[in-house]
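Source file: model-v1.cif (mmCIF, C-alpha atoms)
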data_model
#
loop_
_atom_site.label_atom_id
_atom_site.label_comp_id
_atom_site.auth_asym_id
_atom_site.auth_seq_id
_atom_site.Cartn_x
_atom_site.Cartn_y
_atom_site.Cartn_z
CA MET A 1 -42.89 18.06 9.80
CA PRO A 2 -43.01 16.54 6.27
CA PHE A 3 -40.08 17.14 3.94
CA SER A 4 -40.08 17.93 0.28
CA THR A 5 -38.08 14.90 -0.83
CA ALA A 6 -35.50 15.52 -3.57
CA VAL A 7 -34.29 12.52 -5.59
CA LEU A 8 -30.85 13.41 -6.96
CA LYS A 9 -29.26 11.29 -9.68
CA CYS A 10 -25.68 10.14 -9.19
CA ASP A 11 -23.36 8.30 -11.57
CA PRO A 12 -21.28 5.76 -9.62
CA SER A 13 -18.91 5.35 -12.58
CA SER A 14 -17.88 9.00 -12.24
CA VAL A 15 -16.39 8.42 -8.78
CA SER A 16 -12.92 7.05 -8.09
CA PHE A 17 -10.59 7.21 -5.10
CA VAL A 18 -7.01 8.39 -4.76
CA SER A 19 -5.48 7.79 -1.31
CA ASP A 20 -8.98 7.46 0.19
CA GLU A 21 -10.06 10.81 -1.28
CA PRO A 22 -12.92 10.83 -3.82
CA VAL A 23 -12.44 12.15 -7.33
CA VAL A 24 -15.79 12.97 -8.98
CA THR A 25 -15.79 13.74 -12.72
CA SER A 26 -19.55 14.34 -13.06
CA GLN A 27 -20.63 17.82 -11.97
CA GLU A 28 -24.20 16.61 -11.41
CA THR A 29 -22.99 13.84 -9.13
CA LEU A 30 -20.62 16.14 -7.24
CA GLN A 31 -23.39 18.67 -6.63
CA ALA A 32 -25.71 15.92 -5.41
CA LEU A 33 -23.05 14.62 -3.02
CA GLN A 34 -22.34 18.14 -1.73
CA ARG A 35 -26.02 18.78 -1.11
CA ALA A 36 -26.35 15.48 0.72
CA SER A 37 -23.28 16.29 2.82
CA GLU A 38 -24.80 19.64 3.75
CA GLN A 39 -28.00 17.83 4.74
CA LEU A 40 -26.01 15.52 7.00
CA HIS A 41 -24.22 18.43 8.68
CA ALA A 42 -27.60 20.08 9.25
CA GLN A 43 -28.25 16.93 11.35
CA GLN A 44 -30.85 15.61 8.93
CA THR A 45 -31.07 12.17 7.35
CA VAL A 46 -30.07 11.26 3.79
CA ALA A 47 -30.88 8.09 1.83
CA PHE A 48 -28.06 6.78 -0.33
CA PRO A 49 -27.05 3.63 -2.22
CA THR A 50 -24.58 1.10 -0.90
CA GLU A 51 -23.49 -2.17 -2.46
CA THR A 52 -25.79 -4.01 -0.04
CA VAL A 53 -29.06 -2.01 0.24
CA TYR A 54 -29.99 1.68 0.33
CA GLY A 55 -29.10 3.24 3.67
CA LEU A 56 -30.70 5.99 5.75
CA GLY A 57 -27.74 7.98 7.00
CA ALA A 58 -27.04 10.52 9.73
CA LEU A 59 -23.85 11.76 11.37
CA ALA A 60 -22.92 8.91 13.70
CA LEU A 61 -21.25 11.00 16.39
CA LYS A 62 -24.17 13.47 16.74
CA PRO A 63 -26.90 11.98 18.99
CA ASP A 64 -29.59 14.43 17.80
CA ALA A 65 -28.90 13.51 14.18
CA VAL A 66 -28.93 9.79 14.97
CA SER A 67 -32.26 10.14 16.78
CA ARG A 68 -33.80 11.18 13.46
CA ILE A 69 -32.97 7.77 12.00
CA PHE A 70 -35.04 6.12 14.73
CA SER A 71 -37.98 8.51 14.35
CA THR A 72 -37.98 8.34 10.54
CA LYS A 73 -37.94 4.54 10.47
CA GLY A 74 -40.03 3.92 13.58
CA ARG A 75 -37.06 1.86 14.79
CA PRO A 76 -36.96 0.43 18.33
CA PRO A 77 -34.26 2.17 20.42
CA ASP A 78 -32.67 -1.13 21.51
CA ASN A 79 -31.80 -2.03 17.90
CA PRO A 80 -28.16 -0.92 17.35
CA LEU A 81 -26.90 0.86 14.24
CA ILE A 82 -23.89 0.20 12.01
CA VAL A 83 -21.35 3.01 11.64
CA HIS A 84 -19.94 3.51 8.12
CA VAL A 85 -16.47 4.93 7.50
CA SER A 86 -14.66 5.86 4.29
CA SER A 87 -11.04 5.19 5.29
CA ARG A 88 -8.74 3.56 7.81
CA ASP A 89 -8.04 6.97 9.32
CA MET A 90 -11.76 7.53 9.90
CA LEU A 91 -12.01 4.08 11.51
CA LEU A 92 -9.29 4.99 13.99
CA ARG A 93 -11.17 8.17 14.91
CA VAL A 94 -14.11 6.03 16.07
CA LEU A 95 -12.17 3.41 18.04
CA PRO A 96 -11.01 3.71 21.66
CA GLU A 97 -7.59 5.27 22.11
CA GLY A 98 -4.86 2.63 22.20
CA TYR A 99 -6.99 -0.17 20.70
CA THR A 100 -5.18 -2.30 18.11
CA PRO A 101 -7.22 -4.61 15.84
CA SER A 102 -6.28 -8.30 15.98
CA LYS A 103 -4.34 -10.05 13.24
CA THR A 104 -7.57 -11.78 12.22
CA TYR A 105 -9.40 -8.45 11.90
CA GLU A 106 -6.51 -6.98 9.90
CA ALA A 107 -6.74 -9.89 7.45
CA LEU A 108 -10.52 -9.50 7.11
CA MET A 109 -10.27 -5.76 6.53
CA LYS A 110 -7.52 -6.25 3.96
CA ARG A 111 -9.68 -8.74 2.03
CA PHE A 112 -13.17 -7.33 2.41
CA TRP A 113 -12.92 -3.57 3.02
CA PRO A 114 -14.31 -1.66 1.30
CA GLY A 115 -17.14 -4.17 1.05
CA PRO A 116 -20.17 -5.84 2.65
CA LEU A 117 -18.51 -6.93 5.91
CA THR A 118 -19.31 -5.38 9.29
CA LEU A 119 -17.01 -6.02 12.25
CA LEU A 120 -17.71 -5.55 15.96
CA PHE A 121 -15.17 -3.39 17.77
CA PRO A 122 -14.85 -2.22 21.38
CA THR A 123 -16.45 1.16 21.88
CA ASP A 124 -15.83 4.25 23.98
CA SER A 125 -19.09 5.99 24.88
CA SER A 126 -17.29 9.33 25.00
CA ILE A 127 -16.65 8.93 21.26
CA VAL A 128 -19.59 6.89 19.96
CA PRO A 129 -22.95 7.91 21.46
CA PRO A 130 -24.78 5.11 23.29
CA ILE A 131 -27.81 5.70 21.02
CA ILE A 132 -25.72 4.02 18.28
CA THR A 133 -24.77 0.94 20.31
CA ALA A 134 -27.99 0.59 22.35
CA ASN A 135 -25.70 0.88 25.40
CA GLN A 136 -23.73 -2.23 24.42
CA PRO A 137 -19.92 -2.41 24.91
CA THR A 138 -19.28 -2.87 21.19
CA VAL A 139 -19.90 -0.89 18.01
CA ALA A 140 -20.51 -2.36 14.54
CA ILE A 141 -18.44 -0.71 11.79
CA ARG A 142 -17.95 -1.23 8.07
CA MET A 143 -16.48 0.54 5.05
CA PRO A 144 -18.88 0.44 2.06
CA SER A 145 -17.53 -0.20 -1.42
CA HIS A 146 -20.28 1.59 -3.35
CA PRO A 147 -18.63 4.71 -4.82
CA ILE A 148 -21.53 7.01 -3.94
CA ALA A 149 -21.74 5.83 -0.32
CA ARG A 150 -18.01 6.04 0.28
CA ALA A 151 -17.72 9.42 -1.47
CA LEU A 152 -20.57 10.88 0.59
CA ILE A 153 -18.93 9.79 3.84
CA ALA A 154 -15.56 11.12 2.70
CA LEU A 155 -16.98 14.49 1.62
CA ALA A 156 -18.87 14.81 4.89
CA ASP A 157 -15.58 13.93 6.63
CA ALA A 158 -17.54 12.15 9.34
CA PRO A 159 -18.65 8.61 10.17
CA VAL A 160 -22.25 7.95 9.10
CA ALA A 161 -24.71 5.67 10.88
CA ALA A 162 -26.98 4.02 8.34
CA PRO A 163 -29.51 1.21 8.68
CA SER A 164 -31.60 0.29 5.66
CA ALA A 165 -33.70 3.17 4.29
CA ASN A 166 -37.15 1.76 4.97
CA SER A 167 -39.83 1.79 7.63
CA SER A 168 -38.84 -0.61 10.38
CA GLY A 169 -39.88 -4.19 9.66
CA LYS A 170 -40.33 -3.82 5.89
CA PRO A 171 -38.09 -5.35 3.21
CA SER A 172 -34.88 -3.40 2.70
CA PRO A 173 -34.78 -1.17 -0.41
CA THR A 174 -32.42 -2.02 -3.25
CA ARG A 175 -33.50 0.80 -5.59
CA ALA A 176 -34.13 4.51 -5.05
CA GLU A 177 -37.77 4.05 -6.05
CA HIS A 178 -38.23 1.61 -3.14
CA VAL A 179 -37.01 4.32 -0.77
CA SER A 180 -39.19 6.99 -2.36
CA ASN A 181 -42.30 4.80 -2.21
CA ASP A 182 -41.77 4.22 1.51
CA LEU A 183 -40.15 7.39 2.90
CA GLN A 184 -41.43 10.12 0.58
CA GLY A 185 -41.90 13.23 2.73
CA LYS A 186 -39.89 11.77 5.61
CA VAL A 187 -36.40 12.30 4.21
CA GLY A 188 -35.05 15.40 2.49
CA VAL A 189 -32.60 13.86 0.01
CA ILE A 190 -32.42 10.50 -1.76
CA LEU A 191 -29.28 9.88 -3.82
CA GLU A 192 -30.27 7.71 -6.79
CA GLY A 193 -27.33 5.51 -7.72
CA GLY A 194 -28.91 2.52 -9.43
CA ALA A 195 -29.73 -0.94 -8.13
CA CYS A 196 -27.64 -2.39 -5.31
CA GLY A 197 -25.21 -5.05 -6.46
CA VAL A 198 -25.39 -7.40 -3.44
CA GLY A 199 -29.06 -6.85 -2.58
CA LEU A 200 -28.86 -8.04 1.05
CA GLU A 201 -27.34 -6.37 4.10
CA SER A 202 -23.73 -6.84 5.16
CA THR A 203 -22.38 -9.84 7.02
CA VAL A 204 -21.83 -8.98 10.69
CA VAL A 205 -18.93 -10.71 12.45
CA ASP A 206 -17.90 -10.69 16.11
CA GLY A 207 -14.23 -11.64 16.46
CA LEU A 208 -13.74 -10.19 19.93
CA GLN A 209 -14.33 -13.29 22.05
CA GLU A 210 -11.46 -14.88 23.96
CA ASP A 211 -11.47 -18.09 21.90
CA GLY A 212 -10.54 -16.12 18.76
CA ASN A 213 -13.37 -17.63 16.70
CA LEU A 214 -15.41 -15.60 14.23
CA ARG A 215 -19.09 -15.52 15.12
CA VAL A 216 -21.39 -14.62 12.24
CA LEU A 217 -24.20 -12.70 13.91
CA ARG A 218 -25.92 -11.91 10.60
CA PRO A 219 -25.07 -13.63 7.30
CA GLY A 220 -24.83 -11.34 4.29
CA GLY A 221 -22.76 -10.36 1.28
CA VAL A 222 -19.54 -11.96 2.55
CA THR A 223 -20.18 -15.69 2.86
CA VAL A 224 -19.05 -18.18 5.48
CA GLU A 225 -16.98 -19.82 2.75
CA ASP A 226 -15.29 -16.45 2.06
CA LEU A 227 -14.38 -16.07 5.74
CA GLU A 228 -13.05 -19.62 5.97
CA ARG A 229 -10.91 -19.04 2.87
CA VAL A 230 -9.24 -16.01 4.50
CA ILE A 231 -8.47 -18.03 7.61
CA ARG A 232 -6.90 -20.80 5.50
CA GLU A 233 -4.93 -18.56 3.15
CA ASP A 234 -4.02 -15.50 5.22
CA LEU A 235 -3.83 -16.76 8.80
CA PRO A 236 -1.97 -20.10 8.66
CA ASP A 237 0.17 -19.21 11.70
CA VAL A 238 -2.70 -18.21 14.01
CA VAL A 239 -3.02 -20.93 16.69
CA PRO A 240 -5.54 -22.24 17.41
CA THR A 241 -7.05 -21.81 13.96
CA PRO A 242 -10.18 -19.61 14.25
CA LYS A 243 -13.49 -21.30 13.49
CA VAL A 244 -16.41 -19.61 11.73
CA LEU A 245 -19.56 -20.09 13.80
CA VAL A 246 -23.00 -19.03 12.56
CA HIS A 247 -25.51 -17.80 15.13
CA ARG A 248 -28.50 -20.14 15.46
CA ARG A 249 -26.83 -22.73 13.24
CA ASP A 250 -23.70 -23.51 15.24
CA TYR A 251 -24.47 -21.87 18.58
CA ARG A 252 -27.16 -19.95 20.50
CA ASP A 253 -26.84 -16.86 22.69
CA GLU A 254 -30.17 -16.04 24.30
CA ALA A 255 -28.79 -13.07 26.25
CA MET A 256 -27.48 -11.42 23.08
CA GLU A 257 -30.78 -12.03 21.28
CA GLN A 258 -32.57 -10.07 24.00
CA ALA A 259 -29.94 -7.30 24.07
CA PRO A 260 -28.45 -7.45 20.55
CA THR A 261 -25.07 -6.02 19.62
CA THR A 262 -25.99 -5.70 15.95
CA PRO A 263 -29.10 -5.07 13.80
CA GLY A 264 -31.42 -7.80 12.57
CA MET A 265 -31.30 -10.14 15.57
CA LYS A 266 -34.24 -9.35 17.85
CA TYR A 267 -37.18 -8.13 15.80
CA ARG A 268 -39.14 -9.46 12.87
CA HIS A 269 -37.80 -7.92 9.69
CA TYR A 270 -38.13 -7.78 5.94
CA SER A 271 -41.92 -8.30 5.82
CA PRO A 272 -44.10 -6.83 3.07
CA SER A 273 -47.65 -5.76 3.83
CA VAL A 274 -49.14 -9.11 2.74
CA PRO A 275 -48.64 -12.61 4.20
CA VAL A 276 -45.50 -14.49 3.18
CA THR A 277 -45.24 -18.29 3.20
CA LEU A 278 -41.92 -20.11 2.96
CA LEU A 279 -42.18 -23.34 0.96
CA LEU A 280 -39.54 -25.78 2.18
CA THR A 281 -38.78 -28.23 -0.61
CA GLN A 282 -35.27 -29.41 0.36
CA SER A 283 -34.78 -29.43 4.13
CA GLN A 284 -36.23 -32.16 6.31
CA PRO A 285 -39.33 -31.36 8.39
CA PRO A 286 -39.01 -31.58 12.17
CA PRO A 287 -40.20 -34.77 13.88
CA GLY A 288 -43.99 -35.06 13.82
CA THR A 289 -44.41 -32.67 10.88
CA GLN A 290 -45.68 -34.13 7.61
CA ARG A 291 -44.98 -32.75 4.17
CA THR A 292 -47.94 -31.19 2.35
CA THR A 293 -48.69 -31.95 -1.27
CA LEU A 294 -48.79 -29.07 -3.74
CA PRO A 295 -52.49 -29.66 -4.53
CA ALA A 296 -53.29 -29.51 -0.81
CA PHE A 297 -51.32 -26.28 -0.42
CA VAL A 298 -53.07 -24.67 -3.40
CA LYS A 299 -56.42 -25.79 -1.99
CA SER A 300 -55.61 -24.00 1.28
CA LEU A 301 -54.89 -20.83 -0.70
CA ARG A 302 -58.17 -21.18 -2.59
CA SER A 303 -60.10 -21.38 0.66
CA SER A 304 -58.87 -17.90 1.55
CA ALA A 305 -60.01 -16.59 -1.84
CA ALA A 306 -63.63 -17.55 -1.32
CA SER A 307 -64.50 -14.39 0.59
CA LEU A 308 -62.72 -12.00 -1.80
CA GLY A 309 -65.27 -12.08 -4.60
CA ARG A 310 -62.38 -12.11 -7.12
CA PRO A 311 -59.41 -14.30 -7.93
CA LEU A 312 -56.70 -14.53 -5.26
CA ARG A 313 -53.46 -12.90 -6.46
CA VAL A 314 -50.41 -14.91 -5.41
CA GLY A 315 -46.80 -13.91 -6.06
CA ILE A 316 -44.13 -16.59 -6.40
CA LEU A 317 -40.45 -16.06 -5.64
CA SER A 318 -38.51 -19.14 -6.72
CA PRO A 319 -35.25 -19.98 -8.52
CA CYS A 320 -35.64 -19.50 -12.25
CA ASP A 321 -34.73 -23.13 -13.00
CA SER A 322 -36.88 -24.65 -10.27
CA PRO A 323 -39.99 -26.57 -11.42
CA LEU A 324 -42.05 -25.27 -8.49
CA ALA A 325 -43.48 -22.16 -10.15
CA ASN A 326 -44.69 -24.13 -13.18
CA SER A 327 -46.11 -26.84 -10.91
CA LEU A 328 -48.06 -24.31 -8.88
CA SER A 329 -49.36 -22.51 -11.96
CA SER A 330 -50.49 -25.79 -13.53
CA LEU A 331 -52.71 -26.45 -10.50
CA ALA A 332 -54.45 -23.09 -10.71
CA ARG A 333 -58.00 -22.54 -11.79
CA GLY A 334 -59.77 -19.25 -12.32
CA ASP A 335 -59.89 -18.44 -8.62
CA VAL A 336 -56.10 -18.00 -8.30
CA GLU A 337 -53.87 -15.73 -10.38
CA TRP A 338 -50.11 -16.34 -10.21
CA THR A 339 -47.34 -13.78 -10.72
CA VAL A 340 -43.81 -15.19 -10.88
CA HIS A 341 -40.79 -13.07 -9.90
CA PRO A 342 -37.81 -15.34 -10.63
CA LEU A 343 -34.85 -15.51 -8.32
CA GLY A 344 -31.46 -16.64 -9.63
CA PRO A 345 -30.52 -20.10 -10.88
CA LEU A 346 -30.26 -22.78 -8.22
CA ALA A 347 -26.48 -22.84 -8.68
CA GLU A 348 -26.11 -19.05 -8.29
CA PRO A 349 -27.42 -17.98 -4.86
CA ALA A 350 -25.76 -14.56 -5.26
CA VAL A 351 -28.32 -13.74 -7.94
CA SER A 352 -31.17 -14.82 -5.65
CA ALA A 353 -29.72 -12.57 -2.94
CA GLN A 354 -29.70 -9.61 -5.31
CA ARG A 355 -33.30 -10.23 -6.39
CA LEU A 356 -34.97 -11.19 -3.08
CA PHE A 357 -35.91 -7.80 -1.60
CA ASP A 358 -36.69 -6.35 -5.03
CA GLY A 359 -39.03 -9.29 -5.58
CA LEU A 360 -40.81 -8.88 -2.24
CA LEU A 361 -41.26 -5.15 -2.79
CA SER A 362 -42.30 -5.51 -6.45
CA LEU A 363 -44.93 -8.14 -5.66
CA ASP A 364 -46.19 -6.06 -2.74
CA SER A 365 -46.51 -3.01 -5.03
CA ALA A 366 -48.35 -5.16 -7.58
CA LYS A 367 -51.07 -5.73 -4.95
CA MET A 368 -50.57 -9.43 -4.38
CA ASP A 369 -52.75 -10.97 -1.69
CA HIS A 370 -50.14 -13.53 -0.72
CA ILE A 371 -46.47 -14.21 -1.51
CA VAL A 372 -44.82 -17.63 -1.49
CA VAL A 373 -41.03 -18.02 -1.45
CA GLU A 374 -39.26 -21.24 -2.31
CA GLU A 375 -36.40 -22.44 -0.14
CA VAL A 376 -32.84 -22.26 -1.47
CA ARG A 377 -29.87 -24.22 -0.15
CA GLU A 378 -28.19 -22.57 2.83
CA GLU A 379 -24.82 -22.45 1.10
CA ARG A 380 -22.78 -19.38 0.11
CA GLU A 381 -25.18 -16.42 -0.31
CA GLY A 382 -28.10 -18.83 0.15
CA LEU A 383 -27.45 -18.74 3.92
CA ALA A 384 -28.20 -15.00 3.94
CA VAL A 385 -31.20 -15.42 1.63
CA MET A 386 -32.80 -17.96 3.95
CA ASN A 387 -31.98 -15.86 7.01
CA ARG A 388 -34.04 -13.02 5.53
CA VAL A 389 -36.88 -15.20 4.20
CA LYS A 390 -37.35 -16.96 7.54
CA LYS A 391 -37.71 -13.55 9.23
CA ALA A 392 -40.15 -12.29 6.56
CA ALA A 393 -42.37 -15.38 6.50
CA GLY A 394 -45.29 -15.71 8.84
CA GLU A 395 -45.67 -19.40 7.95
CA SER A 396 -43.42 -22.23 6.80
CA VAL A 397 -44.81 -25.23 4.92
CA TRP A 398 -42.85 -28.38 4.05
CA ILE A 399 -43.86 -29.30 0.52
CA GLU A 400 -43.77 -32.69 -1.17
CA VAL A 401 -42.47 -32.28 -4.72
#

This entry written out as structure tokens:
Amino acid sequence: MPFSTAVLKCDPSSVSFVSDEPVVTSQETLQALQRASEQLHAQQTVAFPTETVYGLGALALKPDAVSRIFSTKGRPPDNPLIVHVSSRDMLLRVLPEGYTPSKTYEALMKRFWPGPLTLLFPTDSSIVPPIITANQPTVAIRMPSHPIARALIALADAPVAAPSANSSGKPSPTRAEHVSNDLQGKVGVILEGGACGVGLESTVVDGLQEDGNLRVLRPGGVTVEDLERVIREDLPDVVPTPKVLVHRRDYRDEAMEQAPTTPGMKYRHYSPSVPVTLLLTQSQPPPGTQRTTLPAFVKSLRSSAASLGRPLRVGILSPCDSPLANSLSSLARGDVEWTVHPLGPLAEPAVSAQRLFDGLLSLDSAKMDHIVVEEVREEREGLAVMNRVKKAAGESVWIEV
């Protein structure tokens, strides 16, 4: 049954925390949080801002409530969910009795919680419903740093499961309007708390393996370099020194890809409604693959415009100081119209991370026929950017520039 969706404004600056308890100075924000908490306890879903992307939340320990996340998003049941907590005490309520986090996990939580880091923990199915974990032996947990997200969880006094607040497969929303455009009538309450600061989902780390290494299952707001810094500075006496291994870069795990322990590993994600092409300008093409010239690439786009009876509308997502957008535009004639949505400077991948999903959604809303995204270096936040772009793109083209 369709909902009447209420978008409730919240002021993140009005929320602070004292001993893990929220203090809210804005009456409007407090009332919005209380209404959202009531919605959660009625076993309904609520959309709310986090520092990464907007989440679609439900009470994590109530299977009927969690099932509404899957039905609202059209999410496959074998795609696990992340559980969000507001405090260390709430974390302990979710973990198996007697479990003690490792020294490495303690260091990571001290540095990055609250924040965009998700850790895999052992799970007890009598505490965490199997619908959350997709029947896996681990559960993914994080503590968000966004004041509205953390305050909502604290006021509800219950862990909240929350994937991104979008239809499954689409780009994740980083503004309340993105959520409203997609889920209007499917969710009762959207808390509007401004644009998300990170703009990409959390980093997911598995540190439970016997070798003690940290396996990055999904790159995100906490970078590989950040994790390596903690190991160097905070864990000098841990022997052997943990390594940071990135899935699909440093190792493969086919079994886990078929039965994932965390979101974002098995299915195609982050795709707008129009075709996306990744333009690879820096990495080397695989053996036997030749680079394509820009004129040849533009010609291939023009060929698809012939049947439209109007100019082809192409959106460009590229770093603001890259020459690619200008080069493409200079090759255009009247049969191609270009719209540029700049990412961050080449030297600031965190800005590109913040702008990526907003760019994909904005260009999609502007009725582009095709979107091209320029490659960024897979360093710092650029690793997460490229992880998302590769999943969104239906085609990759190595370009000669």

If you count all atoms listed in the file, which residues fall within 8 Å of Val198 of chain A, apart from same-chain ones fewer than 4 positions away, as an mmCIF file with C-alpha atoms, in the coordinates of the input?
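Saved file part-v3.cif follows:
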data_model
loop_
_atom_site.group_PDB
_atom_site.id
_atom_site.type_symbol
_atom_site.label_atom_id
_atom_site.label_comp_id
_atom_site.auth_asym_id
_atom_site.auth_seq_id
_atom_site.Cartn_x
_atom_site.Cartn_y
_atom_site.Cartn_z
ATOM 1 C CA GLU A 51 -23.490 -2.170 -2.460
ATOM 2 C CA THR A 52 -25.790 -4.010 -0.040
ATOM 3 C CA VAL A 53 -29.060 -2.010 0.240
ATOM 4 C CA GLY A 221 -22.760 -10.360 1.280
ATOM 5 C CA ALA A 350 -25.760 -14.560 -5.260
ATOM 6 C CA ALA A 353 -29.720 -12.570 -2.940
ATOM 7 C CA GLN A 354 -29.700 -9.610 -5.310
#

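Between atom CA of Leu331 of chain A and atom CA of Ile399 of chain A there is a distance of 14.4 Å.
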
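What the PyMOL selection byres ((chain A and resi 146) around 8) matches in the given file is A:Pro12, A:Pro49, A:Thr50, A:Glu51, A:Gly115, A:Pro144, A:Ser145, A:Pro147, A:Ile148, A:Ala149, A:Arg150.
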
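Taking only C-alpha atoms into account, Ser273 of chain A lies nearest to A:Lys170 out of the set A:Lys170, A:Arg68, A:Arg229, A:Arg93.
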
> What residues come out when you apply the PyMOL selection byres ((chain A and resi 212) around 9) to this file, written as a list in words?
Replying inline: Thr104, Gly207, Leu208, Gln209, Glu210, Asp211, Asn213, Leu214, Pro240, Thr241, Pro242 and Lys243 of chain A
